[in-house]
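Source file: upload.cif; contents: mmCIF, C-alpha atoms and all ligand atoms.
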```cif
data_entry
loop_
_atom_site.group_PDB
_atom_site.id
_atom_site.type_symbol
_atom_site.label_atom_id
_atom_site.label_comp_id
_atom_site.auth_asym_id
_atom_site.auth_seq_id
_atom_site.Cartn_x
_atom_site.Cartn_y
_atom_site.Cartn_z
ATOM 1 C CA MET A 1 25.410 3.928 0.565
ATOM 2 C CA ASN A 2 24.424 1.385 -2.077
ATOM 3 C CA ILE A 3 20.899 0.327 -1.201
ATOM 4 C CA GLN A 4 20.664 -2.313 -3.927
ATOM 5 C CA ALA A 5 23.919 -3.962 -2.847
ATOM 6 C CA ASN A 6 22.899 -3.895 0.811
ATOM 7 C CA VAL A 7 19.589 -5.582 0.140
ATOM 8 C CA ALA A 8 21.147 -8.135 -2.199
ATOM 9 C CA GLY A 9 23.680 -8.962 0.524
ATOM 10 C CA LEU A 10 20.943 -9.228 3.136
ATOM 11 C CA ALA A 11 18.765 -11.385 0.902
ATOM 12 C CA LYS A 12 21.598 -13.913 0.685
ATOM 13 C CA THR A 13 21.754 -14.329 4.445
ATOM 14 C CA LEU A 14 17.984 -14.545 5.012
ATOM 15 C CA PRO A 15 16.394 -17.998 4.925
ATOM 16 C CA ALA A 16 13.591 -18.411 2.388
ATOM 17 C CA HIS A 17 10.903 -18.431 5.083
ATOM 18 C CA CYS A 18 12.066 -15.091 6.501
ATOM 19 C CA THR A 19 10.416 -11.870 5.281
ATOM 20 C CA LEU A 20 12.436 -8.662 5.046
ATOM 21 C CA VAL A 21 10.621 -5.539 6.211
ATOM 22 C CA ALA A 22 12.644 -2.538 5.029
ATOM 23 C CA VAL A 23 12.333 0.082 7.760
ATOM 24 C CA THR A 24 12.072 3.495 6.114
ATOM 25 C CA LYS A 25 11.640 5.796 9.125
ATOM 26 C CA THR A 26 13.268 9.229 8.580
ATOM 27 C CA GLN A 27 14.437 8.105 5.108
ATOM 28 C CA PRO A 28 13.638 10.344 2.128
ATOM 29 C CA ALA A 29 11.315 9.196 -0.655
ATOM 30 C CA GLU A 30 14.195 8.899 -3.190
ATOM 31 C CA LYS A 31 15.893 6.199 -1.140
ATOM 32 C CA ILE A 32 12.670 4.275 -0.659
ATOM 33 C CA GLN A 33 11.906 4.608 -4.360
ATOM 34 C CA ALA A 34 15.388 3.255 -5.172
ATOM 35 C CA LEU A 35 14.662 0.133 -3.173
ATOM 36 C CA TYR A 36 11.184 -0.131 -4.673
ATOM 37 C CA GLU A 37 12.747 -0.145 -8.167
ATOM 38 C CA THR A 38 14.608 -3.344 -7.283
ATOM 39 C CA GLY A 39 11.236 -5.040 -6.762
ATOM 40 C CA HIS A 40 11.032 -4.807 -2.988
ATOM 41 C CA ARG A 41 7.484 -4.107 -1.760
ATOM 42 C CA ILE A 42 7.423 -4.566 2.020
ATOM 43 C CA PHE A 43 8.240 -1.453 4.007
ATOM 44 C CA GLY A 44 7.883 -0.554 7.678
ATOM 45 C CA GLU A 45 7.339 2.728 9.519
ATOM 46 C CA ASN A 46 7.212 3.329 13.246
ATOM 47 C CA LYS A 47 5.165 6.554 13.280
ATOM 48 C CA VAL A 48 1.627 6.978 11.970
ATOM 49 C CA GLN A 49 2.145 10.497 10.618
ATOM 50 C CA GLU A 50 5.166 9.453 8.570
ATOM 51 C CA LEU A 51 3.418 6.298 7.406
ATOM 52 C CA LEU A 52 0.501 8.362 6.091
ATOM 53 C CA LEU A 53 2.756 10.802 4.237
ATOM 54 C CA LYS A 54 4.767 8.018 2.641
ATOM 55 C CA HIS A 55 1.701 6.003 1.719
ATOM 56 C CA GLU A 56 0.372 9.143 -0.003
ATOM 57 C CA SER A 57 3.473 9.948 -1.992
ATOM 58 C CA LEU A 58 4.880 6.527 -2.899
ATOM 59 C CA PRO A 59 3.581 3.759 -5.213
ATOM 60 C CA LYS A 60 0.288 2.259 -4.108
ATOM 61 C CA ASP A 61 1.370 -1.368 -4.362
ATOM 62 C CA ILE A 62 3.760 -0.985 -1.428
ATOM 63 C CA GLN A 63 2.750 -3.155 1.525
ATOM 64 C CA TRP A 64 3.105 -0.875 4.530
ATOM 65 C CA HIS A 65 3.734 -2.330 7.973
ATOM 66 C CA LEU A 66 3.340 -0.303 11.152
ATOM 67 C CA ILE A 67 6.111 -1.389 13.512
ATOM 68 C CA GLY A 68 5.966 1.307 16.219
ATOM 69 C CA HIS A 69 3.589 2.115 19.050
ATOM 70 C CA LEU A 70 0.042 2.853 17.910
ATOM 71 C CA GLN A 71 -2.327 5.151 19.792
ATOM 72 C CA THR A 72 -6.005 4.212 19.625
ATOM 73 C CA ASN A 73 -7.005 7.634 18.284
ATOM 74 C CA LYS A 74 -4.754 7.131 15.223
ATOM 75 C CA VAL A 75 -5.980 3.668 14.272
ATOM 76 C CA LYS A 76 -8.633 4.968 11.868
ATOM 77 C CA PHE A 77 -6.045 6.680 9.666
ATOM 78 C CA ILE A 78 -4.004 3.584 8.849
ATOM 79 C CA VAL A 79 -6.583 0.793 8.894
ATOM 80 C CA PRO A 80 -7.815 1.386 5.310
ATOM 81 C CA PHE A 81 -4.449 0.386 3.827
ATOM 82 C CA VAL A 82 -1.994 -1.034 6.373
ATOM 83 C CA ALA A 83 -0.784 -4.558 5.491
ATOM 84 C CA LEU A 84 0.363 -5.608 8.973
ATOM 85 C CA ILE A 85 0.433 -3.974 12.401
ATOM 86 C CA HIS A 86 3.362 -5.399 14.403
ATOM 87 C CA SER A 87 2.750 -3.451 17.580
ATOM 88 C CA VAL A 88 -0.592 -4.407 19.136
ATOM 89 C CA ASP A 89 -0.009 -4.094 22.872
ATOM 90 C CA SER A 90 -3.464 -3.963 24.463
ATOM 91 C CA LEU A 91 -6.935 -5.429 24.077
ATOM 92 C CA ARG A 92 -8.323 -1.898 23.848
ATOM 93 C CA LEU A 93 -6.128 -1.231 20.819
ATOM 94 C CA LEU A 94 -7.120 -4.517 19.211
ATOM 95 C CA GLU A 95 -10.809 -3.694 19.712
ATOM 96 C CA GLU A 96 -10.329 -0.289 18.106
ATOM 97 C CA ILE A 97 -8.514 -1.838 15.119
ATOM 98 C CA ASN A 98 -11.401 -4.289 14.785
ATOM 99 C CA LYS A 99 -13.972 -1.484 14.918
ATOM 100 C CA GLN A 100 -12.216 0.644 12.309
ATOM 101 C CA ALA A 101 -11.464 -2.359 10.096
ATOM 102 C CA LYS A 102 -15.155 -3.221 10.096
ATOM 103 C CA LYS A 103 -15.963 0.306 8.937
ATOM 104 C CA ALA A 104 -13.333 0.017 6.224
ATOM 105 C CA GLY A 105 -14.590 -3.416 5.161
ATOM 106 C CA ARG A 106 -11.267 -5.073 5.881
ATOM 107 C CA VAL A 107 -9.705 -7.779 8.028
ATOM 108 C CA VAL A 108 -6.452 -6.321 9.335
ATOM 109 C CA PRO A 109 -3.546 -8.663 10.082
ATOM 110 C CA CYS A 110 -1.875 -7.917 13.417
ATOM 111 C CA LEU A 111 0.968 -9.155 15.591
ATOM 112 C CA LEU A 112 0.945 -9.019 19.372
ATOM 113 C CA GLN A 113 3.983 -7.223 20.740
ATOM 114 C CA VAL A 114 5.630 -8.984 23.659
ATOM 115 C CA HIS A 115 7.900 -7.224 26.117
ATOM 116 C CA ILE A 116 11.123 -9.246 26.113
ATOM 117 C CA ALA A 117 13.781 -6.584 26.779
ATOM 118 C CA ARG A 118 15.255 -5.491 30.080
ATOM 119 C CA GLU A 119 14.495 -1.855 29.322
ATOM 120 C CA GLU A 120 11.386 -0.474 30.978
ATOM 121 C CA THR A 121 10.589 1.751 28.015
ATOM 122 C CA LYS A 122 9.643 -0.924 25.496
ATOM 123 C CA TYR A 123 5.961 -1.600 24.937
ATOM 124 C CA GLY A 124 4.343 -5.002 24.891
ATOM 125 C CA PHE A 125 2.473 -7.724 26.741
ATOM 126 C CA SER A 126 4.009 -9.801 29.466
ATOM 127 C CA GLU A 127 3.624 -13.557 29.169
ATOM 128 C CA GLU A 128 0.754 -13.519 31.701
ATOM 129 C CA GLU A 129 -1.036 -10.719 29.876
ATOM 130 C CA LEU A 130 -0.655 -12.553 26.598
ATOM 131 C CA PHE A 131 -2.266 -15.722 27.940
ATOM 132 C CA ALA A 132 -5.048 -13.663 29.489
ATOM 133 C CA LEU A 133 -5.689 -11.919 26.176
ATOM 134 C CA LEU A 134 -5.822 -15.145 24.188
ATOM 135 C CA ASP A 135 -8.298 -16.596 26.708
ATOM 136 C CA HIS A 136 -10.478 -13.488 26.697
ATOM 137 C CA PRO A 137 -14.010 -14.256 25.451
ATOM 138 C CA VAL A 138 -14.202 -11.013 23.457
ATOM 139 C CA LEU A 139 -11.501 -12.284 21.134
ATOM 140 C CA THR A 140 -13.938 -14.605 19.398
ATOM 141 C CA GLU A 141 -16.058 -11.565 18.474
ATOM 142 C CA LEU A 142 -13.289 -9.670 16.715
ATOM 143 C CA ASP A 143 -14.051 -10.636 13.118
ATOM 144 C CA HIS A 144 -12.064 -7.849 11.508
ATOM 145 C CA VAL A 145 -8.629 -8.529 12.889
ATOM 146 C CA GLN A 146 -6.464 -11.544 12.337
ATOM 147 C CA LEU A 147 -3.725 -12.317 14.839
ATOM 148 C CA LYS A 148 -0.834 -13.616 12.773
ATOM 149 C CA GLY A 149 1.888 -13.895 15.368
ATOM 150 C CA LEU A 150 4.191 -12.171 17.825
ATOM 151 C CA MET A 151 6.712 -9.337 17.695
ATOM 152 C CA GLY A 152 9.496 -8.512 20.103
ATOM 153 C CA MET A 153 12.450 -6.190 20.490
ATOM 154 C CA ALA A 154 15.536 -7.357 22.345
ATOM 155 C CA THR A 155 17.457 -5.228 24.812
ATOM 156 C CA PHE A 156 19.738 -2.658 23.172
ATOM 157 C CA THR A 157 23.055 -4.119 24.311
ATOM 158 C CA ASP A 158 26.352 -5.521 23.044
ATOM 159 C CA ASP A 159 25.740 -8.617 25.135
ATOM 160 C CA GLN A 160 24.867 -11.129 22.414
ATOM 161 C CA ASP A 161 23.992 -13.843 24.919
ATOM 162 C CA GLN A 162 21.427 -11.581 26.496
ATOM 163 C CA VAL A 163 19.879 -10.819 23.096
ATOM 164 C CA ARG A 164 19.861 -14.513 22.181
ATOM 165 C CA GLN A 165 18.160 -15.472 25.454
ATOM 166 C CA GLU A 166 15.436 -12.898 24.843
ATOM 167 C CA PHE A 167 14.754 -14.085 21.287
ATOM 168 C CA ARG A 168 14.834 -17.695 22.446
ATOM 169 C CA TYR A 169 12.294 -16.882 25.133
ATOM 170 C CA LEU A 170 9.974 -15.303 22.548
ATOM 171 C CA LYS A 171 10.278 -18.286 20.210
ATOM 172 C CA LYS A 172 9.461 -20.642 23.056
ATOM 173 C CA LEU A 173 6.413 -18.591 23.971
ATOM 174 C CA PHE A 174 5.372 -18.570 20.302
ATOM 175 C CA ASP A 175 5.630 -22.378 20.123
ATOM 176 C CA THR A 176 3.753 -22.792 23.407
ATOM 177 C CA LEU A 177 0.903 -20.626 22.161
ATOM 178 C CA LYS A 178 0.766 -22.425 18.827
ATOM 179 C CA SER A 179 0.262 -25.726 20.600
ATOM 180 C CA ARG A 180 -2.821 -24.404 22.432
ATOM 181 C CA ARG A 181 -6.394 -24.310 21.222
ATOM 182 C CA LEU A 182 -6.801 -20.774 19.941
ATOM 183 C CA PRO A 183 -9.792 -18.709 18.779
ATOM 184 C CA PRO A 184 -10.507 -18.692 15.004
ATOM 185 C CA ALA A 185 -9.134 -15.157 14.645
ATOM 186 C CA VAL A 186 -5.738 -16.407 15.739
ATOM 187 C CA ASP A 187 -3.392 -18.037 13.243
ATOM 188 C CA LEU A 188 0.096 -17.842 14.639
ATOM 189 C CA SER A 189 2.610 -18.111 11.822
ATOM 190 C CA GLU A 190 4.813 -15.012 12.043
ATOM 191 C CA LEU A 191 7.522 -14.232 14.553
ATOM 192 C CA SER A 192 8.763 -10.685 13.964
ATOM 193 C CA MET A 193 12.149 -10.285 15.606
ATOM 194 C CA GLY A 194 15.528 -8.917 14.556
ATOM 195 C CA MET A 195 16.806 -5.480 13.525
ATOM 196 C CA SER A 196 20.060 -4.311 11.893
ATOM 197 C CA GLY A 197 22.169 -5.064 14.959
ATOM 198 C CA ASP A 198 20.717 -8.427 15.919
ATOM 199 C CA TYR A 199 18.952 -10.020 12.947
ATOM 200 C CA SER A 200 21.508 -12.840 12.561
ATOM 201 C CA ILE A 201 20.828 -13.985 16.103
ATOM 202 C CA ALA A 202 17.066 -13.546 15.609
ATOM 203 C CA ILE A 203 17.149 -15.759 12.509
ATOM 204 C CA GLU A 204 19.120 -18.430 14.328
ATOM 205 C CA GLU A 205 16.472 -18.320 17.040
ATOM 206 C CA GLY A 206 13.549 -18.767 14.659
ATOM 207 C CA SER A 207 12.521 -15.354 13.316
ATOM 208 C CA THR A 208 10.201 -15.350 10.296
ATOM 209 C CA MET A 209 10.271 -11.575 9.794
ATOM 210 C CA VAL A 210 13.142 -9.140 10.285
ATOM 211 C CA ARG A 211 12.706 -5.353 10.456
ATOM 212 C CA ILE A 212 15.824 -3.718 9.057
ATOM 213 C CA GLY A 213 16.553 -0.033 8.500
ATOM 214 C CA THR A 214 20.145 1.060 9.058
ATOM 215 C CA ALA A 215 21.732 -1.979 7.395
ATOM 216 C CA ILE A 216 19.833 -1.108 4.204
ATOM 217 C CA PHE A 217 19.656 2.678 4.117
ATOM 218 C CA GLY A 218 22.589 3.698 6.306
ATOM 219 C CA GLU A 219 22.507 5.728 9.501
ATOM 220 C CA ARG A 220 19.428 7.842 10.147
ATOM 221 C CA ASN A 221 19.778 11.615 10.592
HETATM 222 C C1 LIG A 301 13.740 1.540 13.791
HETATM 223 C C2 LIG A 301 13.135 0.219 14.045
HETATM 224 C C3 LIG A 301 13.669 -0.944 13.472
HETATM 225 C C4 LIG A 301 14.889 -0.956 12.578
HETATM 226 O O1 LIG A 301 16.026 -0.510 13.240
HETATM 227 P P1 LIG A 301 17.475 -0.600 12.549
HETATM 228 O O2 LIG A 301 18.395 -0.744 13.693
HETATM 229 O O3 LIG A 301 17.669 0.663 11.799
HETATM 230 O O4 LIG A 301 17.487 -1.784 11.652
HETATM 231 C C5 LIG A 301 13.036 -2.150 13.747
HETATM 232 N N1 LIG A 301 11.939 -2.223 14.527
HETATM 233 C C6 LIG A 301 11.392 -1.123 15.090
HETATM 234 C C7 LIG A 301 10.176 -1.275 15.939
HETATM 235 C C8 LIG A 301 11.970 0.132 14.871
HETATM 236 O O5 LIG A 301 11.422 1.218 15.437
#
```

Show how you would write the structure in this file as structure tokens.
Ligand SMILES: *Cc1c(COP(=O)(O)O)cnc(C)c1O
Amino acid sequence: MNIQANVAGLAKTLPAHCTLVAVTKTQPAEKIQALYETGHRIFGENKVQELLLKHESLPKDIQWHLIGHLQTNKVKFIVPFVALIHSVDSLRLLEEINKQAKKAGRVVPCLLQVHIAREETKYGFSEEELFALLDHPVLTELDHVQLKGLMGMATFTDDQDQVRQEFRYLKKLFDTLKSRRLPPAVDLSELSMGMSGDYSIAIEEGSTMVRIGTAIFGERN
């Protein structure tokens, strides 16, 4: 597995406006370090515990993104350093991030996760819940979070049309929200969608941020 070659190949297919988040879950420090040496700085983890360990042991100028489900009781551990949380899926969670960010003297960038897949197991807001959240008066009081955009995961399927429809739906929702009057804490510019198996479709459908693990580091154990 040649990490450098994989990333160079990927970089060629990504449009300039699209950010690559290298997903390091279950990957050993040596592999992450190898990618770091090429100059890459944006890495994503889906579990808090692993994120903390890797943040501890790897270079401090890495921008760590949390891409997996976040429990409110773990927010305080990551807020001091996390660069972007992709997986905000409730107002309660957002309020806790705001509270801990205030303590840490930070404004933490966040994405709202939208449920777009057919699977029941995936987290995220429905369209109705998303509109309700953005209209919620408390949002104007959350000075220590900044809502930067949306994140979604498509259904795990070989049906490319299905995946495309789901990404297209998310992009449309993103554009609809952007055209509304939004609270000051909301600045929708990022659309995080696309993984190893579906990033080409996601990019065609307007992704600004892809989260890629396997296609960089090889299969996970
Ligand atoms: C694991 C993971 C990815 C990357 O998956 P690959 O198929 O290895 O590219 C992207 N997003 C989330 C939320 C993940 O948990």

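Using only C-alpha atoms and all ligand atoms as the basis for the distance check, residues found within 7 Å of ligand LIG 301 (chain A) are Val23, Lys25, Asn46, Ile67, Gly68, Met195, Ser196, Gly197, Arg211, Ile212, Gly213, Thr214 and Ala215 of chain A.
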
Per residue of stretch 154-214 of chain A within 9 Å of stretch 109-126 of chain A, note the shortest atom pair and the distance in Å to one decimal, counting only C-alpha atoms, and order the rows by chain and increasing residue number, as CSV.
```
residue,atom,partner,partner_atom,distance
A:Ala154,CA,A:Ala117,CA,4.8
A:Thr155,CA,A:Ala117,CA,4.4
A:Phe156,CA,A:Ala117,CA,8.0
A:Val163,CA,A:Ala117,CA,8.3
A:Glu166,CA,A:Ile116,CA,5.8
A:Phe167,CA,A:Ile116,CA,7.7
A:Tyr169,CA,A:Ile116,CA,7.8
A:Leu170,CA,A:Ile116,CA,7.1
A:Leu188,CA,A:Leu111,CA,8.8
A:Glu190,CA,A:Leu111,CA,7.9
A:Leu191,CA,A:Leu111,CA,8.4
A:Ser192,CA,A:Leu111,CA,8.1
```

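Minimum atom-to-atom distances from A:Ser90, A:Val75, A:Gln100, A:Glu56 to A:Leu133 were compared using all atoms listed in the file, and the lowest value belongs to A:Ser90.
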
### Task
Around the point (13.6, 8.7, 1.4), in the coordinates given by the file, pick out the residues reaching within 12 Å, counting all atoms listed in the file, and return them as a count of residues only.
29

### Message
Quick one: residues within 7 Å of A:Val107, all atoms listed in the file, excluding same-chain residues fewer than 2 positions away - as an NGL selection string?
### Response
:A and (101 or 109 or 144-146)

What box, with edges along x, y and z, holds each listed atom of stretch 195-201 of chain A when 6 Å is added on every side, and can you state its centre and edge lengths in Å to one decimal, as AutoDock Vina command-line options?
```
--center_x 19.5 --center_y -9.1 --center_z 14.0 --size_x 17.4 --size_y 21.7 --size_z 16.2
```

Need the neighbours of (13.1, -12.3, 8.0): which residues are at most 9 Å away, counting all atoms listed in the file, as a PDB file with C-alpha atoms, in the coordinates of the input?
```pdb
ATOM      1  CA  LEU A  14      17.984 -14.545   5.012  1.00  0.00           C
ATOM      2  CA  PRO A  15      16.394 -17.998   4.925  1.00  0.00           C
ATOM      3  CA  ALA A  16      13.591 -18.411   2.388  1.00  0.00           C
ATOM      4  CA  HIS A  17      10.903 -18.431   5.083  1.00  0.00           C
ATOM      5  CA  CYS A  18      12.066 -15.091   6.501  1.00  0.00           C
ATOM      6  CA  THR A  19      10.416 -11.870   5.281  1.00  0.00           C
ATOM      7  CA  LEU A  20      12.436  -8.662   5.046  1.00  0.00           C
ATOM      8  CA  VAL A  21      10.621  -5.539   6.211  1.00  0.00           C
ATOM      9  CA  LEU A 191       7.522 -14.232  14.553  1.00  0.00           C
ATOM     10  CA  SER A 192       8.763 -10.685  13.964  1.00  0.00           C
ATOM     11  CA  MET A 193      12.149 -10.285  15.606  1.00  0.00           C
ATOM     12  CA  GLY A 194      15.528  -8.917  14.556  1.00  0.00           C
ATOM     13  CA  TYR A 199      18.952 -10.020  12.947  1.00  0.00           C
ATOM     14  CA  ALA A 202      17.066 -13.546  15.609  1.00  0.00           C
ATOM     15  CA  ILE A 203      17.149 -15.759  12.509  1.00  0.00           C
ATOM     16  CA  SER A 207      12.521 -15.354  13.316  1.00  0.00           C
ATOM     17  CA  THR A 208      10.201 -15.350  10.296  1.00  0.00           C
ATOM     18  CA  MET A 209      10.271 -11.575   9.794  1.00  0.00           C
ATOM     19  CA  VAL A 210      13.142  -9.140  10.285  1.00  0.00           C
ATOM     20  CA  ARG A 211      12.706  -5.353  10.456  1.00  0.00           C
TER      21      ARG A 211
END
```

### Task
Tell me, as a ChimeraX atom specification, which residues lie within 12 Å of A:Lys102, counting only C-alpha atoms; anything in the same chain fewer than 6 positions away does not count.
/A:76,79-80,95-96,108,141-145

Selected residues, C-alpha atoms, written as a tab-separated table (two decimals), keeping the file's coordinate frame, please.
```tsv
chain	number	residue	atom	x	y	z
A	76	LYS	CA	-8.63	4.97	11.87
A	79	VAL	CA	-6.58	0.79	8.89
A	80	PRO	CA	-7.82	1.39	5.31
A	95	GLU	CA	-10.81	-3.69	19.71
A	96	GLU	CA	-10.33	-0.29	18.11
A	108	VAL	CA	-6.45	-6.32	9.34
A	141	GLU	CA	-16.06	-11.56	18.47
A	142	LEU	CA	-13.29	-9.67	16.72
A	143	ASP	CA	-14.05	-10.64	13.12
A	144	HIS	CA	-12.06	-7.85	11.51
A	145	VAL	CA	-8.63	-8.53	12.89
```

### Task
Apply the PyMOL selection byres (((chain A and resi 137) around 12) and not hetatm) to the displayed file and report the matching residues as a list in words.
Leu91, Ala132, Leu133, Leu134, Asp135, His136, Val138, Leu139, Thr140, Glu141, Leu142, Leu182, Pro183, Pro184 and Ala185 of chain A

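Picture a line from atom CA of A:Leu93 to atom CA of A:Leu150; it runs 15.3 Å.
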
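Between atom CA of A:Glu128 and atom CA of A:Leu173 there is a distance of 10.8 Å.
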
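Of the residues under consideration (A:Thr157, A:Thr176, A:Gln162, A:Asn98), A:Thr176 shows the shortest atom-to-atom contact distance to A:Phe131 when counting all atoms listed in the file.
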
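The space between atom CA of A:Glu205 and atom CA of A:Arg168 spans 5.7 Å.
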